[in-house]
Structure formats: structure tokens, C-alpha cells
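Q: File follows, my_file.cif with mmCIF, C-alpha atoms:
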```cif
data_input
#
loop_
_atom_site.group_PDB
_atom_site.id
_atom_site.type_symbol
_atom_site.label_atom_id
_atom_site.label_comp_id
_atom_site.auth_asym_id
_atom_site.auth_seq_id
_atom_site.Cartn_x
_atom_site.Cartn_y
_atom_site.Cartn_z
ATOM 1 C CA MET K 1 175.879 140.914 65.747
ATOM 2 C CA THR K 2 176.790 137.304 66.576
ATOM 3 C CA THR K 3 174.502 134.367 65.881
ATOM 4 C CA SER K 4 174.110 133.874 69.635
ATOM 5 C CA THR K 5 173.079 137.495 70.093
ATOM 6 C CA ARG K 6 170.597 137.252 67.210
ATOM 7 C CA HIS K 7 169.059 134.062 68.652
ATOM 8 C CA THR K 8 168.793 135.635 72.093
ATOM 9 C CA ALA K 9 167.265 138.806 70.636
ATOM 10 C CA LEU K 10 164.736 136.762 68.639
ATOM 11 C CA MET K 11 163.721 134.768 71.714
ATOM 12 C CA GLN K 12 163.416 137.981 73.762
ATOM 13 C CA LYS K 13 161.212 139.578 71.062
ATOM 14 C CA THR K 14 159.029 136.457 70.823
ATOM 15 C CA LYS K 15 158.686 136.263 74.595
ATOM 16 C CA ALA K 16 157.928 139.975 74.896
ATOM 17 C CA ALA K 17 155.344 139.821 72.104
ATOM 18 C CA LEU K 18 153.585 136.876 73.764
ATOM 19 C CA ALA K 19 153.611 138.588 77.153
ATOM 20 C CA ASP K 20 152.156 141.736 75.572
ATOM 21 C CA GLN K 21 149.438 139.682 73.856
ATOM 22 C CA VAL K 22 148.522 137.952 77.112
ATOM 23 C CA LEU K 23 148.301 141.281 78.973
ATOM 24 C CA ALA K 24 146.261 142.920 76.198
ATOM 25 C CA LEU K 25 143.864 139.992 76.065
ATOM 26 C CA ARG K 26 143.458 139.976 79.843
ATOM 27 C CA GLN K 27 142.767 143.727 79.800
ATOM 28 C CA ARG K 28 140.130 143.228 77.092
ATOM 29 C CA ILE K 29 138.471 140.498 79.160
ATOM 30 C CA LYS K 30 138.412 142.751 82.253
ATOM 31 C CA GLU K 31 136.862 145.549 80.215
ATOM 32 C CA LEU K 32 134.170 143.242 78.873
ATOM 33 C CA GLU K 33 133.403 141.818 82.299
ATOM 34 C CA ALA K 34 133.039 145.345 83.747
ATOM 35 C CA THR K 35 129.963 146.179 81.650
ATOM 36 C CA PRO K 36 126.509 144.548 81.865
ATOM 37 C CA ALA K 37 126.581 143.649 78.181
ATOM 38 C CA GLY K 38 130.137 142.469 78.582
ATOM 39 C CA ARG K 39 129.201 140.163 81.427
ATOM 40 C CA ASN K 40 126.654 138.515 79.153
ATOM 41 C CA THR K 41 129.119 138.058 76.322
ATOM 42 C CA GLY K 42 132.256 137.990 78.469
ATOM 43 C CA GLU K 43 132.482 134.219 78.717
ATOM 44 C CA ALA K 44 132.084 133.717 74.970
ATOM 45 C CA GLU K 45 134.614 136.477 74.257
ATOM 46 C CA LYS K 46 136.981 135.058 76.859
ATOM 47 C CA ASN K 47 136.788 131.626 75.227
ATOM 48 C CA ARG K 48 137.336 133.126 71.767
ATOM 49 C CA VAL K 49 140.347 135.131 72.939
ATOM 50 C CA GLU K 50 141.797 132.107 74.731
ATOM 51 C CA GLN K 51 141.432 130.030 71.557
ATOM 52 C CA GLN K 52 143.157 132.746 69.517
ATOM 53 C CA LEU K 53 146.016 132.925 71.981
ATOM 54 C CA ARG K 54 146.415 129.141 72.050
ATOM 55 C CA HIS K 55 146.432 129.075 68.253
ATOM 56 C CA ALA K 56 149.105 131.789 68.109
ATOM 57 C CA VAL K 57 151.373 129.948 70.555
ATOM 58 C CA GLU K 58 150.689 126.653 68.799
ATOM 59 C CA MET K 59 152.028 128.123 65.555
ATOM 60 C CA LEU K 60 155.378 129.173 67.064
ATOM 61 C CA PRO K 61 158.294 127.158 65.684
ATOM 62 C CA HIS K 62 159.883 127.006 69.144
ATOM 63 C CA PRO K 63 158.840 124.695 71.979
ATOM 64 C CA VAL K 64 156.645 126.441 74.574
ATOM 65 C CA ILE K 65 155.343 125.060 77.872
ATOM 66 C CA ILE K 66 153.151 126.855 80.425
ATOM 67 C CA TYR K 67 152.316 125.960 84.032
ATOM 68 C CA ASP K 68 149.713 127.711 86.166
ATOM 69 C CA LEU K 69 150.331 129.431 89.503
ATOM 70 C CA ASN K 70 149.891 126.085 91.291
ATOM 71 C CA ASP K 71 152.553 124.392 89.136
ATOM 72 C CA HIS K 72 150.082 122.378 87.042
ATOM 73 C CA LEU K 73 150.568 121.922 83.309
ATOM 74 C CA VAL K 74 148.301 124.248 81.325
ATOM 75 C CA PHE K 75 149.731 124.048 77.821
ATOM 76 C CA PHE K 76 152.503 122.955 75.521
ATOM 77 C CA ASN K 77 152.621 123.416 71.775
ATOM 78 C CA ARG K 78 153.315 120.980 68.932
ATOM 79 C CA ALA K 79 156.921 122.129 68.724
ATOM 80 C CA TYR K 80 157.378 121.132 72.376
ATOM 81 C CA ARG K 81 155.900 117.669 71.738
ATOM 82 C CA LYS K 82 158.166 117.271 68.687
ATOM 83 C CA PHE K 83 161.240 118.382 70.659
ATOM 84 C CA PHE K 84 160.381 116.060 73.566
ATOM 85 C CA SER K 85 158.839 113.199 71.602
ATOM 86 C CA TYR K 86 158.828 110.874 74.628
ATOM 87 C CA MET K 87 156.220 113.073 76.321
ATOM 88 C CA PRO K 88 152.677 111.705 76.313
ATOM 89 C CA PRO K 89 150.095 113.640 74.289
ATOM 90 C CA PHE K 90 149.023 116.893 75.914
ATOM 91 C CA GLU K 91 145.506 115.593 76.608
ATOM 92 C CA GLU K 92 146.958 112.820 78.797
ATOM 93 C CA ILE K 93 149.021 115.072 81.051
ATOM 94 C CA VAL K 94 147.221 118.418 81.137
ATOM 95 C CA GLY K 95 146.664 119.395 84.761
ATOM 96 C CA LYS K 96 149.515 117.250 86.089
ATOM 97 C CA HIS K 97 151.893 118.794 88.593
ATOM 98 C CA PHE K 98 155.305 119.979 87.393
ATOM 99 C CA LEU K 99 157.113 117.235 89.319
ATOM 100 C CA ASP K 100 154.946 114.581 87.660
ATOM 101 C CA VAL K 101 155.673 116.059 84.230
ATOM 102 C CA ILE K 102 159.449 116.204 84.699
ATOM 103 C CA GLN K 103 159.334 112.568 85.794
ATOM 104 C CA TYR K 104 158.781 111.673 82.119
ATOM 105 C CA SER K 105 162.171 113.230 81.325
ATOM 106 C CA ILE K 106 163.795 111.553 84.322
ATOM 107 C CA ASP K 107 162.504 108.149 83.227
ATOM 108 C CA VAL K 108 164.123 108.338 79.765
ATOM 109 C CA PRO K 109 167.826 107.427 79.921
ATOM 110 C CA GLY K 110 170.136 110.186 78.721
ATOM 111 C CA VAL K 111 167.599 112.998 78.840
ATOM 112 C CA VAL K 112 168.529 114.491 82.212
ATOM 113 C CA VAL K 113 172.309 114.748 82.430
ATOM 114 C CA ASP K 114 172.497 116.690 85.701
ATOM 115 C CA PRO K 115 174.757 114.656 88.068
ATOM 116 C CA LEU K 116 172.598 115.770 91.001
ATOM 117 C CA LEU K 117 169.813 113.467 89.764
ATOM 118 C CA GLN K 118 172.062 110.449 90.284
ATOM 119 C CA ALA K 119 173.562 111.701 93.554
ATOM 120 C CA ASP K 120 170.340 112.897 95.204
ATOM 121 C CA PRO K 121 167.099 112.544 93.222
ATOM 122 C CA GLN K 122 165.066 114.490 95.787
ATOM 123 C CA ALA K 123 167.547 117.381 95.756
ATOM 124 C CA TYR K 124 167.341 117.394 91.946
ATOM 125 C CA ARG K 125 163.537 117.645 92.078
ATOM 126 C CA SER K 126 163.778 120.452 94.646
ATOM 127 C CA LYS K 127 166.294 122.280 92.451
ATOM 128 C CA ARG K 128 163.950 122.037 89.437
ATOM 129 C CA LEU K 129 160.947 123.201 91.471
ATOM 130 C CA ASP K 130 162.988 126.157 92.734
ATOM 131 C CA ARG K 131 163.921 127.037 89.140
ATOM 132 C CA LEU K 132 160.217 126.881 88.218
ATOM 133 C CA HIS K 133 159.414 129.405 90.963
ATOM 134 C CA ASN K 134 162.559 131.504 90.479
ATOM 135 C CA PRO K 135 163.690 131.175 86.872
ATOM 136 C CA PRO K 136 167.060 132.633 85.935
ATOM 137 C CA SER K 137 167.059 135.988 84.197
ATOM 138 C CA GLY K 138 167.961 135.986 80.538
ATOM 139 C CA THR K 139 168.632 132.876 78.517
ATOM 140 C CA PHE K 140 170.828 129.876 79.198
ATOM 141 C CA GLU K 141 172.091 126.910 77.225
ATOM 142 C CA GLN K 142 171.082 123.421 78.287
ATOM 143 C CA PHE K 143 172.111 120.012 76.969
ATOM 144 C CA THR K 144 169.397 117.373 77.082
ATOM 145 C CA SER K 145 168.343 114.439 74.920
ATOM 146 C CA GLY K 146 171.540 114.807 72.908
ATOM 147 C CA ARG K 147 170.642 118.345 71.790
ATOM 148 C CA TRP K 148 171.620 121.848 72.894
ATOM 149 C CA HIS K 149 168.776 124.228 73.742
ATOM 150 C CA LEU K 150 168.700 127.971 74.260
ATOM 151 C CA VAL K 151 166.174 128.304 77.084
ATOM 152 C CA SER K 152 164.234 131.320 78.298
ATOM 153 C CA GLU K 153 162.075 130.838 81.413
ATOM 154 C CA HIS K 154 159.809 133.317 83.176
ATOM 155 C CA ARG K 155 157.267 133.732 85.956
ATOM 156 C CA ILE K 156 154.371 135.819 84.701
ATOM 157 C CA VAL K 157 151.994 137.537 87.119
ATOM 158 C CA ASP K 158 148.541 135.922 87.118
ATOM 159 C CA LEU K 159 149.724 133.196 84.743
ATOM 160 C CA GLY K 160 152.484 131.102 86.263
ATOM 161 C CA PHE K 161 155.536 129.756 84.497
ATOM 162 C CA PHE K 162 156.352 130.185 80.812
ATOM 163 C CA SER K 163 159.283 128.591 78.962
ATOM 164 C CA ILE K 164 160.387 128.803 75.351
ATOM 165 C CA ARG K 165 163.300 126.875 73.846
ATOM 166 C CA GLN K 166 165.272 126.901 70.641
ATOM 167 C CA ASP K 167 167.441 124.098 69.268
ATOM 168 C CA ILE K 168 170.951 125.512 68.914
ATOM 169 C CA THR K 169 172.805 122.217 68.484
ATOM 170 C CA ASP K 170 174.235 123.132 65.075
ATOM 171 C CA ARG K 171 175.536 126.444 66.378
ATOM 172 C CA VAL K 172 177.148 124.875 69.469
ATOM 173 C CA GLU K 173 178.727 122.086 67.423
ATOM 174 C CA ASP K 174 180.076 124.609 64.897
ATOM 175 C CA LYS K 175 181.564 126.613 67.760
ATOM 176 C CA GLN K 176 183.151 123.460 69.227
ATOM 177 C CA ASP K 177 184.544 122.438 65.808
ATOM 178 C CA LEU K 178 185.997 125.909 65.321
ATOM 179 C CA ALA K 179 187.639 125.832 68.758
ATOM 180 C CA ALA K 180 189.062 122.370 68.071
ATOM 181 C CA ALA K 181 190.424 123.476 64.692
ATOM 182 C CA LYS K 182 191.964 126.551 66.305
ATOM 183 C CA ASP K 183 193.622 124.408 69.001
ATOM 184 C CA GLU K 184 194.909 122.001 66.355
ATOM 185 C CA ALA K 185 196.326 124.868 64.293
ATOM 186 C CA GLU K 186 198.248 126.242 67.285
#
```
Translate the structure of the given file into C-alpha cells.
A:
Amino acid sequence: MTTSTRHTALMQKTKAALADQVLALRQRIKELEATPAGRNTGEAEKNRVEQQLRHAVEMLPHPVIIYDLNDHLVFFNRAYRKFFSYMPPFEEIVGKHFLDVIQYSIDVPGVVVDPLLQADPQAYRSKRLDRLHNPPSGTFEQFTSGRWHLVSEHRIVDLGFFSIRQDITDRVEDKQDLAAAKDEAE
């Protein structure tokens, strides 16, 4: 199994586990809300479960960001803030629209390397919004802020948009060095 395949498999397992946790927690909340006693304790239980879920995602070593169904920022973890250190603290941007959040990346030179941004900024924003609503299946590699990321993005029913990233710069650079050495040897 190649390193790329292992990384992709790990991201898929992490994503699947989180999706399963979200669905199980939502089911538990529905069950509690369906009973009279549950309705009385449902809000407290819902808050407790939400805190547990947030804590679990916060502990992930990979950057995670979540937007609601209306494209407003709901959450990002510490790993995301570390990866994108130019982003304001979560408390300052929670609830902002996706286009307002990506503006922080646009404003930092060298972060967004897509030529479309320079050619047609509005078309770039439309392209990003379309990707938010229709994320690609599987994972893809993306170069930004001088680093390579393995990105997995998803729309989740009743949640919105979920993205998890992994820094794969070392792996990509090793692959490039190997290809260069092979070309030089030939």
C-alpha cells in the first residue's frame, strides 16, 4: 500500500467515523426529544452531546472546518487555526458567510494561487461557492500557503459542509525529488 493510499484511507476512516458519530448523536437527540422526560432533559443532553462532539473534533490532528446549510461558519478546530495562522480567532468569525471567510485567504499574498482569482475575482468566488455546495468526490491535493494539502470535502445532510485536510508537503516534495533524480539518472 502506497503512502498516498494510506493517507487517503486514514482520512476516509476519520471522515466516516465523524459522520457516524454525528448521525448517532442526532439519533440520540431525536429519541430523547420524542419522550416527555426526554423533552425536559433534551436540551441539556443536546448541549452535552454537542460539547462532546466539539471536543472530539477539536482533538483531531488534522484541520477541520464546518459550515452550516446556509454557508455560515459553524466550527473550525485548533489544527485548522494552526494550519491557517492568518485566520482570526474562531470567536471573531463564527457565523460569517463562506465568502467572507475565504476573503481572509484571498487577502494574504501567496495563499490563493488559482490564476482565476487574478483573471476574474468574481468567477473565482463563484467557483469556490460551487465547490462548497458540490464538493468533489474523494480527496484531492491542493497547494496553498506554500504547503501541499490532501483535502477531503463533503456535504452532509442536515449539517452543511465539512472539510478535513492533511499536510502532505513532505510526501509531495519527496515524490518530486525522486522524479528529478530519476530524470537526472536517465
Q: Name the residues captured by the PyMOL selection byres ((chain K and resi 152) around 10) when it is applied to the shown file; answer as a list in words.
A: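 For this structure, the PyMOL selection byres ((chain K and resi 152) around 10) captures Thr8, Met11, Gln12, Lys15, Val64, Pro135, Pro136, Ser137, Gly138, Thr139, Phe140, Glu141, His149, Leu150, Val151, Glu153, His154, Phe162, Ser163, Ile164, Arg165 and Gln166 of chain K.
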Q: Those residues with C-alpha atoms, as a CSV table (one decimal), in the coordinates of the input please?
A:
```csv
chain,number,residue,atom,x,y,z
K,8,THR,CA,168.8,135.6,72.1
K,11,MET,CA,163.7,134.8,71.7
K,12,GLN,CA,163.4,138.0,73.8
K,15,LYS,CA,158.7,136.3,74.6
K,64,VAL,CA,156.6,126.4,74.6
K,135,PRO,CA,163.7,131.2,86.9
K,136,PRO,CA,167.1,132.6,85.9
K,137,SER,CA,167.1,136.0,84.2
K,138,GLY,CA,168.0,136.0,80.5
K,139,THR,CA,168.6,132.9,78.5
K,140,PHE,CA,170.8,129.9,79.2
K,141,GLU,CA,172.1,126.9,77.2
K,149,HIS,CA,168.8,124.2,73.7
K,150,LEU,CA,168.7,128.0,74.3
K,151,VAL,CA,166.2,128.3,77.1
K,153,GLU,CA,162.1,130.8,81.4
K,154,HIS,CA,159.8,133.3,83.2
K,162,PHE,CA,156.4,130.2,80.8
K,163,SER,CA,159.3,128.6,79.0
K,164,ILE,CA,160.4,128.8,75.4
K,165,ARG,CA,163.3,126.9,73.8
K,166,GLN,CA,165.3,126.9,70.6
```
Q: Name the residues in contact with K:Tyr86 at a cut-off of 12 Å, using all atoms listed in the file, excluding same-chain residues fewer than 3 positions from it; report them as JSON, numbers by chain.
A: {"K": [80, 81, 82, 83, 89, 90, 101, 102, 103, 104, 105, 106, 107, 108, 109, 111, 145]}
Q: Could you jot down the atom CA of K:Ala79 to atom CA of K:Lys96 separation for me, Å, one decimal place?
A: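 Going from atom CA of K:Ala79 over to atom CA of K:Lys96, I get 19.5 Å.
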Q: If we count all atoms listed in the file and set the cut-off at 12 Å, which residues sit around K:Asn70, ignoring sequence neighbours fewer than 6 positions away in its own chain? Please answer as an MDAnalysis selection string.
A: chainID K and resid 95:99 129 132:133 155 158:161
Q: Would you compute, for all listed atoms of stretch 17-25 of chain K, the axis-aligned bounding box grown by 8 Å on each side, and then report its centre and edge lengths in Å rounded to one decimal, as lines of an AutoDock Vina configuration file?
A:
```
center_x = 149.6
center_y = 139.9
center_z = 75.5
size_x = 27.5
size_y = 22.0
size_z = 22.9
```
Q: Please indicate the distance in Å from atom CA of K:His55 to atom CA of K:Val94, rounded to one decimal place.
A: 16.7 Å
Q: Quick one: pull the distance between atom CA of K:Ile65 and atom CA of K:Leu18, Å, one decimal.
A: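 Taking atom CA of K:Ile65 as the start and atom CA of K:Leu18 as the end point, the length is 12.6 Å.
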Q: So, with only C-alpha atoms as the atoms that count, which of K:Arg48, K:Lys30, K:His62, K:Arg131 lies closest to K:Thr14?
A: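 The closest residue to K:Thr14 is K:His62.
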Q: Which of these, K:Ala179, K:Arg78, K:Met87, K:Asp71, has the shortest distance to K:Glu58 once you count all atoms listed in the file?
A: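 Using all atoms listed in the file, the shortest distance to K:Glu58 belongs to K:Arg78.
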Q: Using all atoms listed in the file, find the one residue out of K:Leu117, K:Pro61, K:Ser85, K:Ile66 that sits nearest to K:Asp167.
A: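 Closest to K:Asp167 of all the choices is K:Pro61.
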